[in-house]
$ cat structure.cif   # mmCIF, C-alpha atoms
data_protein
#
loop_
_atom_site.group_PDB
_atom_site.id
_atom_site.type_symbol
_atom_site.label_atom_id
_atom_site.label_comp_id
_atom_site.auth_asym_id
_atom_site.auth_seq_id
_atom_site.Cartn_x
_atom_site.Cartn_y
_atom_site.Cartn_z
ATOM 1 C CA MET A 225 81.328 116.133 130.559
ATOM 2 C CA ALA A 226 81.126 117.598 127.075
ATOM 3 C CA ILE A 227 84.900 117.553 126.767
ATOM 4 C CA SER A 228 85.240 113.890 127.692
ATOM 5 C CA SER A 229 82.502 112.943 125.213
ATOM 6 C CA SER A 230 84.225 114.785 122.442
ATOM 7 C CA THR A 231 87.510 113.083 123.272
ATOM 8 C CA ALA A 232 85.823 109.687 123.147
ATOM 9 C CA SER A 233 84.265 110.431 119.788
ATOM 10 C CA LEU A 234 87.562 111.854 118.592
ATOM 11 C CA ASN A 235 89.294 108.556 119.170
ATOM 12 C CA LEU A 236 86.530 106.701 117.380
ATOM 13 C CA THR A 237 86.784 108.952 114.412
ATOM 14 C CA ARG A 238 90.519 108.911 114.033
ATOM 15 C CA PRO A 239 90.912 108.249 110.321
ATOM 16 C CA ILE A 240 93.371 105.739 108.962
ATOM 17 C CA GLY A 241 96.788 106.964 108.063
ATOM 18 C CA SER A 242 95.886 110.503 107.161
ATOM 19 C CA VAL A 243 97.495 113.805 107.779
ATOM 20 C CA LEU A 244 95.209 114.811 110.589
ATOM 21 C CA PRO A 245 93.995 118.134 111.757
ATOM 22 C CA SER A 246 94.795 118.580 115.433
ATOM 23 C CA PRO A 247 92.507 116.679 117.803
ATOM 24 C CA LYS A 248 91.080 119.871 119.285
ATOM 25 C CA PHE A 249 89.967 121.009 115.885
ATOM 26 C CA LEU A 250 88.095 117.781 115.222
ATOM 27 C CA ALA A 251 86.356 117.923 118.554
ATOM 28 C CA VAL A 252 85.226 121.489 118.089
ATOM 29 C CA HIS A 253 84.116 120.801 114.567
ATOM 30 C CA SER A 254 81.867 117.919 115.503
ATOM 31 C CA LEU A 255 80.378 119.764 118.477
ATOM 32 C CA GLN A 256 79.502 122.838 116.455
ATOM 33 C CA HIS A 257 77.339 120.952 114.056
ATOM 34 C CA ARG A 258 75.612 118.569 116.389
ATOM 35 C CA SER A 259 73.947 120.306 119.284
ATOM 36 C CA SER A 260 71.528 117.873 120.923
ATOM 37 C CA PRO A 261 73.017 115.189 123.204
ATOM 38 C CA ALA A 262 70.739 112.444 121.832
ATOM 39 C CA ARG A 263 71.841 113.125 118.294
ATOM 40 C CA PHE A 264 75.431 113.267 119.420
ATOM 41 C CA ARG A 265 75.134 109.826 120.993
ATOM 42 C CA ARG A 266 73.635 108.410 117.802
ATOM 43 C CA LEU A 267 76.315 110.172 115.855
ATOM 44 C CA ALA A 268 79.018 108.671 118.030
ATOM 45 C CA ALA A 269 77.826 105.223 117.015
ATOM 46 C CA VAL A 270 77.698 106.204 113.360
ATOM 47 C CA ILE A 271 80.833 108.350 113.272
ATOM 48 C CA PRO A 272 83.380 105.714 112.309
ATOM 49 C CA ARG A 273 81.947 105.198 108.844
ATOM 50 C CA ARG A 274 80.688 108.753 108.294
ATOM 51 C CA THR A 275 83.812 110.544 109.283
ATOM 52 C CA VAL A 276 85.934 108.287 107.117
ATOM 53 C CA THR A 277 84.175 109.476 103.989
ATOM 54 C CA ARG A 278 83.884 113.076 105.136
ATOM 55 C CA ILE A 279 87.569 113.490 105.909
ATOM 56 C CA GLU A 280 88.572 111.223 103.007
ATOM 57 C CA ALA A 281 91.420 109.945 105.062
ATOM 58 C CA THR A 282 91.382 106.287 104.234
ATOM 59 C CA LYS A 283 93.868 106.443 101.397
ATOM 60 C CA GLN A 284 96.689 105.815 103.829
ATOM 61 C CA THR A 285 99.263 107.110 101.419
ATOM 62 C CA PHE A 286 102.390 108.862 102.485
ATOM 63 C CA ASN A 287 105.258 109.932 100.305
ATOM 64 C CA SER A 288 107.584 107.945 102.476
ATOM 65 C CA PHE A 289 107.777 106.037 105.685
ATOM 66 C CA ASP A 290 109.786 108.947 107.066
ATOM 67 C CA GLU A 291 106.902 111.284 106.372
ATOM 68 C CA LEU A 292 104.570 108.944 108.229
ATOM 69 C CA LEU A 293 106.869 108.995 111.248
ATOM 70 C CA GLU A 294 107.313 112.730 111.027
ATOM 71 C CA LYS A 295 103.628 113.524 110.849
ATOM 72 C CA SER A 296 102.655 111.313 113.763
ATOM 73 C CA ASP A 297 101.869 113.202 116.930
ATOM 74 C CA LYS A 298 102.436 110.110 119.083
ATOM 75 C CA PRO A 299 105.128 107.442 119.376
ATOM 76 C CA VAL A 300 104.718 104.819 116.658
ATOM 77 C CA LEU A 301 104.817 101.062 117.145
ATOM 78 C CA VAL A 302 105.836 99.524 113.839
ATOM 79 C CA ASP A 303 105.251 95.845 113.071
ATOM 80 C CA PHE A 304 107.436 94.525 110.251
ATOM 81 C CA TYR A 305 105.674 91.426 108.946
ATOM 82 C CA ALA A 306 105.197 89.091 105.985
ATOM 83 C CA THR A 307 102.000 87.452 104.764
ATOM 84 C CA TRP A 308 103.168 83.865 105.194
ATOM 85 C CA CYS A 309 104.883 84.360 108.532
ATOM 86 C CA GLY A 310 102.853 82.428 111.138
ATOM 87 C CA PRO A 311 103.777 84.440 114.236
ATOM 88 C CA CYS A 312 103.059 87.676 112.305
ATOM 89 C CA GLN A 313 99.507 86.505 111.608
ATOM 90 C CA PHE A 314 99.211 85.463 115.245
ATOM 91 C CA MET A 315 99.953 89.078 116.153
ATOM 92 C CA VAL A 316 97.097 90.542 114.070
ATOM 93 C CA PRO A 317 94.394 90.362 116.774
ATOM 94 C CA VAL A 318 96.980 91.104 119.461
ATOM 95 C CA LEU A 319 97.928 94.351 117.719
ATOM 96 C CA GLU A 320 94.284 95.307 117.329
ATOM 97 C CA GLU A 321 93.752 94.830 121.039
ATOM 98 C CA VAL A 322 96.919 96.690 121.997
ATOM 99 C CA GLY A 323 96.200 99.451 119.491
ATOM 100 C CA GLU A 324 92.809 99.929 121.062
ATOM 101 C CA LYS A 325 94.019 99.813 124.666
ATOM 102 C CA LEU A 326 96.941 102.174 124.051
ATOM 103 C CA LYS A 327 95.298 104.360 121.449
ATOM 104 C CA ASP A 328 96.114 107.546 123.331
ATOM 105 C CA LYS A 329 99.748 106.648 123.813
ATOM 106 C CA VAL A 330 100.890 105.040 120.617
ATOM 107 C CA GLN A 331 100.016 104.682 116.924
ATOM 108 C CA VAL A 332 100.261 101.171 115.503
ATOM 109 C CA VAL A 333 101.548 100.763 111.956
ATOM 110 C CA LYS A 334 102.219 97.579 110.001
ATOM 111 C CA ILE A 335 104.769 97.334 107.206
ATOM 112 C CA ASP A 336 104.720 94.439 104.745
ATOM 113 C CA THR A 337 108.417 93.645 104.331
ATOM 114 C CA GLU A 338 107.845 91.973 100.985
ATOM 115 C CA LYS A 339 106.176 95.069 99.600
ATOM 116 C CA TYR A 340 108.507 97.580 101.183
ATOM 117 C CA VAL A 341 111.838 95.825 100.905
ATOM 118 C CA ASN A 342 113.835 99.057 101.106
ATOM 119 C CA ILE A 343 112.307 100.115 104.395
ATOM 120 C CA ALA A 344 112.914 96.630 105.821
ATOM 121 C CA ASN A 345 116.516 96.743 104.642
ATOM 122 C CA LYS A 346 117.028 100.237 106.030
ATOM 123 C CA TYR A 347 116.129 99.088 109.508
ATOM 124 C CA GLY A 348 118.073 95.836 109.238
ATOM 125 C CA ILE A 349 115.034 93.619 109.666
ATOM 126 C CA GLN A 350 115.884 89.923 109.863
ATOM 127 C CA ALA A 351 113.538 87.783 111.926
ATOM 128 C CA LEU A 352 109.812 88.364 111.565
ATOM 129 C CA PRO A 353 107.880 89.791 113.241
ATOM 130 C CA THR A 354 110.150 92.610 114.333
ATOM 131 C CA PHE A 355 108.684 95.480 116.332
ATOM 132 C CA ILE A 356 110.306 98.884 116.496
ATOM 133 C CA ILE A 357 109.000 101.698 118.674
ATOM 134 C CA PHE A 358 109.709 105.127 117.206
ATOM 135 C CA LYS A 359 109.732 108.217 119.339
ATOM 136 C CA ASP A 360 110.179 111.591 117.602
ATOM 137 C CA GLY A 361 110.885 109.693 114.415
ATOM 138 C CA LYS A 362 113.785 107.714 115.898
ATOM 139 C CA PRO A 363 113.833 104.054 116.958
ATOM 140 C CA CYS A 364 113.919 103.813 120.727
ATOM 141 C CA ASP A 365 113.175 100.127 121.303
ATOM 142 C CA ARG A 366 113.264 97.013 119.174
ATOM 143 C CA PHE A 367 112.310 93.377 119.700
ATOM 144 C CA GLU A 368 111.481 90.262 117.700
ATOM 145 C CA GLY A 369 108.960 87.468 117.943
ATOM 146 C CA ALA A 370 105.327 87.027 118.858
ATOM 147 C CA LEU A 371 104.069 87.973 122.283
ATOM 148 C CA THR A 372 100.750 88.185 124.110
ATOM 149 C CA ALA A 373 98.814 91.439 124.381
ATOM 150 C CA ASN A 374 99.815 91.945 128.010
ATOM 151 C CA GLN A 375 103.477 91.347 127.265
ATOM 152 C CA LEU A 376 103.342 93.782 124.369
ATOM 153 C CA ILE A 377 101.556 96.452 126.388
ATOM 154 C CA GLN A 378 104.134 96.085 129.138
ATOM 155 C CA ARG A 379 106.994 96.419 126.665
ATOM 156 C CA VAL A 380 105.512 99.471 124.961
ATOM 157 C CA GLU A 381 104.783 101.241 128.235
ATOM 158 C CA GLU A 382 108.308 100.601 129.464
ATOM 159 C CA ALA A 383 109.777 102.010 126.271
ATOM 160 C CA LEU A 384 107.593 105.104 126.457
ATOM 161 C CA LYS A 385 108.564 105.697 130.086
ATOM 162 C CA VAL A 386 112.271 105.547 129.306
ATOM 163 C CA ALA A 387 111.920 107.912 126.377
ATOM 164 C CA GLN A 388 110.326 110.497 128.639
ATOM 165 C CA MET B 103 107.331 106.205 96.042
ATOM 166 C CA ALA B 104 104.016 106.171 97.793
ATOM 167 C CA THR B 105 103.937 104.138 100.958
ATOM 168 C CA GLN B 106 100.833 102.348 102.057
ATOM 169 C CA ALA B 107 100.771 101.449 105.678
ATOM 170 C CA THR B 108 98.092 99.760 107.677
ATOM 171 C CA PHE B 109 97.051 101.982 110.554
ATOM 172 C CA LEU B 110 95.607 100.401 113.648
ATOM 173 C CA GLY B 111 94.794 101.750 117.060
ATOM 174 C CA SER B 112 91.290 102.820 116.336
ATOM 175 C CA THR B 113 87.893 101.259 116.840
ATOM 176 C CA LEU B 114 87.262 102.591 113.368
ATOM 177 C CA LEU B 115 89.029 99.615 111.919
ATOM 178 C CA SER B 116 86.857 96.583 112.447
ATOM 179 C CA PRO B 117 88.599 93.221 111.997
ATOM 180 C CA LYS B 118 86.533 92.553 108.891
ATOM 181 C CA LEU B 119 87.532 95.826 107.292
ATOM 182 C CA ASP B 120 91.149 95.293 108.183
ATOM 183 C CA SER B 121 91.316 91.872 106.567
ATOM 184 C CA SER B 122 89.591 93.115 103.439
ATOM 185 C CA LEU B 123 92.040 96.018 103.276
ATOM 186 C CA ARG B 124 94.906 93.613 103.549
ATOM 187 C CA ARG B 125 93.349 91.344 100.971
ATOM 188 C CA SER B 126 92.832 94.189 98.536
ATOM 189 C CA ASN B 127 96.387 95.406 99.087
ATOM 190 C CA ARG B 128 97.669 91.948 98.283
ATOM 191 C CA LEU B 129 95.685 91.739 95.093
ATOM 192 C CA LYS B 130 96.721 95.164 93.925
ATOM 193 C CA THR B 131 100.414 94.982 94.411
ATOM 194 C CA ARG B 132 101.447 91.373 94.255
ATOM 195 C CA ALA B 133 98.861 89.487 92.191
ATOM 196 C CA GLN B 134 99.664 86.867 94.768
ATOM 197 C CA VAL B 135 98.612 83.342 94.029
ATOM 198 C CA ASP B 136 98.249 80.823 96.785
ATOM 199 C CA PRO B 137 101.017 78.204 96.818
ATOM 200 C CA SER B 138 100.236 75.120 94.742
ATOM 201 C CA ASP B 139 98.237 72.357 96.400
ATOM 202 C CA LYS B 140 101.029 69.941 95.589
ATOM 203 C CA SER B 141 103.634 71.970 97.488
ATOM 204 C CA VAL B 142 101.304 72.526 100.416
ATOM 205 C CA GLU B 143 100.755 68.773 100.644
ATOM 206 C CA ILE B 144 104.498 68.105 100.460
ATOM 207 C CA MET B 145 105.259 70.633 103.212
ATOM 208 C CA ARG B 146 102.359 69.371 105.310
ATOM 209 C CA LYS B 147 103.721 65.818 105.202
ATOM 210 C CA PHE B 148 107.234 67.075 105.874
ATOM 211 C CA SER B 149 106.049 69.070 108.912
ATOM 212 C CA GLU B 150 104.256 66.073 110.427
ATOM 213 C CA GLN B 151 107.240 63.792 109.840
ATOM 214 C CA TYR B 152 109.785 66.259 111.176
ATOM 215 C CA ALA B 153 107.737 67.063 114.269
ATOM 216 C CA ARG B 154 107.605 63.334 115.055
ATOM 217 C CA LYS B 155 111.291 62.868 114.354
ATOM 218 C CA SER B 156 112.384 65.837 116.462
ATOM 219 C CA GLY B 157 109.940 65.302 119.313
ATOM 220 C CA THR B 158 108.375 68.699 118.804
ATOM 221 C CA TYR B 159 104.738 69.747 118.638
ATOM 222 C CA PHE B 160 102.597 72.119 116.626
ATOM 223 C CA CYS B 161 101.348 75.386 118.064
ATOM 224 C CA VAL B 162 98.132 75.383 120.137
ATOM 225 C CA ASP B 163 96.909 77.813 117.498
ATOM 226 C CA LYS B 164 96.949 75.678 114.344
ATOM 227 C CA GLY B 165 96.473 78.855 112.335
ATOM 228 C CA VAL B 166 100.131 79.643 112.940
ATOM 229 C CA THR B 167 101.142 76.164 111.775
ATOM 230 C CA SER B 168 98.961 76.498 108.683
ATOM 231 C CA VAL B 169 100.364 79.865 107.675
ATOM 232 C CA VAL B 170 103.954 78.669 108.044
ATOM 233 C CA ILE B 171 103.293 75.502 106.021
ATOM 234 C CA LYS B 172 101.803 77.632 103.262
ATOM 235 C CA GLY B 173 104.772 79.983 103.507
ATOM 236 C CA LEU B 174 107.175 77.104 103.073
ATOM 237 C CA ALA B 175 105.139 75.837 100.111
ATOM 238 C CA ASP B 176 105.130 79.313 98.587
ATOM 239 C CA HIS B 177 108.926 79.539 98.730
ATOM 240 C CA LYS B 178 109.273 76.009 97.408
ATOM 241 C CA ASP B 179 107.173 77.059 94.406
ATOM 242 C CA SER B 180 108.948 80.345 93.774
ATOM 243 C CA LEU B 181 112.523 79.526 94.802
ATOM 244 C CA GLY B 182 112.746 75.750 94.510
ATOM 245 C CA ALA B 183 113.405 75.282 98.229
ATOM 246 C CA PRO B 184 111.369 75.867 101.416
ATOM 247 C CA LEU B 185 113.154 78.972 102.665
ATOM 248 C CA CYS B 186 112.028 80.069 106.125
ATOM 249 C CA PRO B 187 108.972 82.339 105.680
ATOM 250 C CA CYS B 188 109.541 84.176 108.959
ATOM 251 C CA ARG B 189 112.597 86.125 107.909
ATOM 252 C CA HIS B 190 113.379 89.105 105.740
ATOM 253 C CA TYR B 191 116.089 88.569 103.151
ATOM 254 C CA ASP B 192 118.216 90.812 100.963
ATOM 255 C CA ASP B 193 118.511 88.150 98.279
ATOM 256 C CA LYS B 194 116.285 85.114 98.566
ATOM 257 C CA ALA B 195 117.915 83.121 95.780
ATOM 258 C CA ALA B 196 121.336 83.557 97.375
ATOM 259 C CA GLU B 197 119.951 82.419 100.724
ATOM 260 C CA VAL B 198 118.498 79.297 99.123
ATOM 261 C CA GLY B 199 121.892 78.559 97.619
ATOM 262 C CA GLN B 200 123.604 79.127 100.941
ATOM 263 C CA GLY B 201 121.143 76.825 102.726
ATOM 264 C CA PHE B 202 121.261 78.076 106.327
ATOM 265 C CA TRP B 203 117.596 79.078 106.301
ATOM 266 C CA ASN B 204 116.197 76.222 104.220
ATOM 267 C CA CYS B 205 113.647 74.385 106.349
ATOM 268 C CA PRO B 206 114.630 72.578 108.536
ATOM 269 C CA CYS B 207 117.036 75.449 109.215
ATOM 270 C CA VAL B 208 120.331 75.164 111.067
ATOM 271 C CA PRO B 209 119.025 76.628 114.359
ATOM 272 C CA MET B 210 116.256 74.015 114.302
ATOM 273 C CA ARG B 211 118.535 71.141 113.411
ATOM 274 C CA GLU B 212 121.135 72.114 116.004
ATOM 275 C CA ARG B 213 119.092 73.547 118.860
ATOM 276 C CA LYS B 214 115.438 72.801 118.078
ATOM 277 C CA GLU B 215 114.866 76.549 117.793
ATOM 278 C CA CYS B 216 112.004 77.382 115.432
ATOM 279 C CA HIS B 217 111.036 81.053 115.615
ATOM 280 C CA CYS B 218 108.246 80.382 113.102
ATOM 281 C CA MET B 219 106.511 78.541 115.893
ATOM 282 C CA LEU B 220 106.111 75.540 113.574
ATOM 283 C CA PHE B 221 108.090 73.036 115.648
ATOM 284 C CA LEU B 222 107.773 73.701 119.376
ATOM 285 C CA THR B 223 109.511 71.831 122.168
ATOM 286 C CA PRO B 224 107.072 70.530 124.816
ATOM 287 C CA ASP B 225 108.224 73.106 127.375
ATOM 288 C CA ASN B 226 107.255 75.996 125.100
ATOM 289 C CA ASP B 227 104.217 78.005 126.324
ATOM 290 C CA PHE B 228 102.667 77.866 122.859
ATOM 291 C CA ALA B 229 103.218 74.132 122.261
ATOM 292 C CA GLY B 230 100.104 72.017 121.773
ATOM 293 C CA GLN B 231 99.753 68.268 121.984
ATOM 294 C CA GLU B 232 99.556 67.463 118.294
ATOM 295 C CA GLN B 233 102.042 66.418 115.674
ATOM 296 C CA THR B 234 99.481 66.167 112.907
ATOM 297 C CA ILE B 235 97.583 68.622 110.776
ATOM 298 C CA THR B 236 95.157 67.944 107.931
ATOM 299 C CA LEU B 237 94.914 69.714 104.611
ATOM 300 C CA ASP B 238 91.401 70.809 105.574
ATOM 301 C CA GLU B 239 92.704 72.444 108.734
ATOM 302 C CA ILE B 240 95.291 74.319 106.692
ATOM 303 C CA LYS B 241 92.772 75.463 104.090
ATOM 304 C CA GLU B 242 90.297 76.630 106.711
ATOM 305 C CA ALA B 243 92.838 78.471 108.800
ATOM 306 C CA THR B 244 94.248 80.340 105.813
ATOM 307 C CA SER B 245 90.999 80.980 103.969
ATOM 308 C CA LYS B 246 90.769 84.577 105.134
ATOM 309 C CA LEU B 247 94.318 85.523 104.289
#
$ encode --input "structure.cif" --output "C-alpha cells"
Amino acid sequence: MAISSSTASLNLTRPIGSVLPSPKFLAVHSLQHRSSPARFRRLAAVIPRRTVTRIEATKQTFNSFDELLEKSDKPVLVDFYATWCGPCQFMVPVLEEVGEKLKDKVQVVKIDTEKYVNIANKYGIQALPTFIIFKDGKPCDRFEGALTANQLIQRVEEALKVAQ
Amino acid sequence: MATQATFLGSTLLSPKLDSSLRRSNRLKTRAQVDPSDKSVEIMRKFSEQYARKSGTYFCVDKGVTSVVIKGLADHKDSLGAPLCPCRHYDDKAAEVGQGFWNCPCVPMRERKECHCMLFLTPDNDFAGQEQTITLDEIKEATSKL
C-alpha cells in the first residue's frame, strides 16, 4: 500500500525537464520525512507546487536536444510545432491528456520549430505538427498531422510494442 | 546552446501554467507581436471567400481556423505573402518566391488538400457547417496564445 502511494505521489511530483534523481530515490526521500498517513495525503495534494521549488527543476534547460533524449529514462514523444499552426494548437489539450494517461510509458516534449530551427532541420521536419517517438535516443516512429487522443495513444502504444 | 523544451506528462503542469510558460517563452525569445489587424482582416475575408468558392468548410473547432488565419496574416506581414503557417521551412523568403506554399497552396488548389485544417471538404471528420468567421471569433480564440 505504501509503495503504491509513493509511486502515485512520485508521478505527481515529476519536475519539468530536469535531470532527475531515480524514481526510487524520490519515493524514499518523501517517505522518510513525512511519517503520518494524513499528512502524506495532504502533502500529496500540495506536492506539485512544493516539490517544484524544492528540487528547482523547472528551468527546463538542457545543453542540447540530444542531452534531453539521452537523459530520459523513458521513450520520448516529441511534438514539433509552430505557434501559428492551427492543428498544432489543436493538439495542446490532446497532448496533455495523452501525457497524463501514458505518463509511465512515455515522456512528452514539445519543440518550437521557429525557435529551434536547427533541430527541426536535423530531423527533416516539413509538415506541422510532426510527431517523432524516440526510443533509446533514436527515432522509431514518425507521423504528421493532428489526431484525437485515442488515435495518438494507439499509435504510441503500437510503436512502443514494436520497439520492445 | 541551451535548449528549452516544454515537458508534459505530469499532473504537475496545469493547463494555466503551461500556457503562461509558453507565453513567457514567446516574450523572451521572439518579442513576438501579433499580426496586424489589417492583415488579419484581409486573410479573414480571403478565407471566407475561398471556402465558398472551393465548397469547403471551416473546422468544427473555430480555434484552429483562427490560429491559421492569424498565421497567414503573420507571414503576410513579415514576408509579404501568406506562406502556409503549418510547415517548417529552411528559407521562408525563397519559399515565398517559389510560390508552392503560398496560400492557397498547390495541394489545395489541385486536390483540395489543406493540412492546416483551414479548408475542409464536407466528408472530413473535422469539417463543420460554416464558411464564415468573424473578427471577434478570431480574437477570442487566439487571446490566450
$ closest_residue --input "structure.cif" --among "A:Glu382, A:Asp365, A:Glu320, A:Glu294" --to "chain B" --atoms "only C-alpha atoms"
A:Glu320
$ closest_residue --input "structure.cif" --among "A:Ser288, A:Ala351, A:Val341, A:Thr372" --to "Val318 (chain A)" --atoms "all atoms listed in the file"
A:Thr372
$ residues_around --input "structure.cif" --residues "Arg366 (chain A)" --least-positions-apart "4" --cutoff "9 Å" --atoms "all atoms listed in the file" --output "PyMOL selection string"
chain A and resi 354-357
$ resolve_selection --input "structure.cif" --expression "the PyMOL selection byres ((chain B and resi 216) around 12)" --output "count of residues only"
39
$ residues_around --input "structure.cif" --residues "Leu301 (chain A)" --least-positions-apart "3" --cutoff "9 Å" --atoms "all atoms listed in the file" --output "ChimeraX atom specification"
/A:330-334,355-359,380
$ atom_distance --input "structure.cif" --atom1 "CA of Ile144 (chain B)" --atom2 "CA of Ala175 (chain B)"
7.8 Å
$ closest_residue --input "structure.cif" --among "A:Glu381, A:Glu324, A:Asp303, A:Glu291" --to "chain B" --atoms "only C-alpha atoms"
A:Glu324
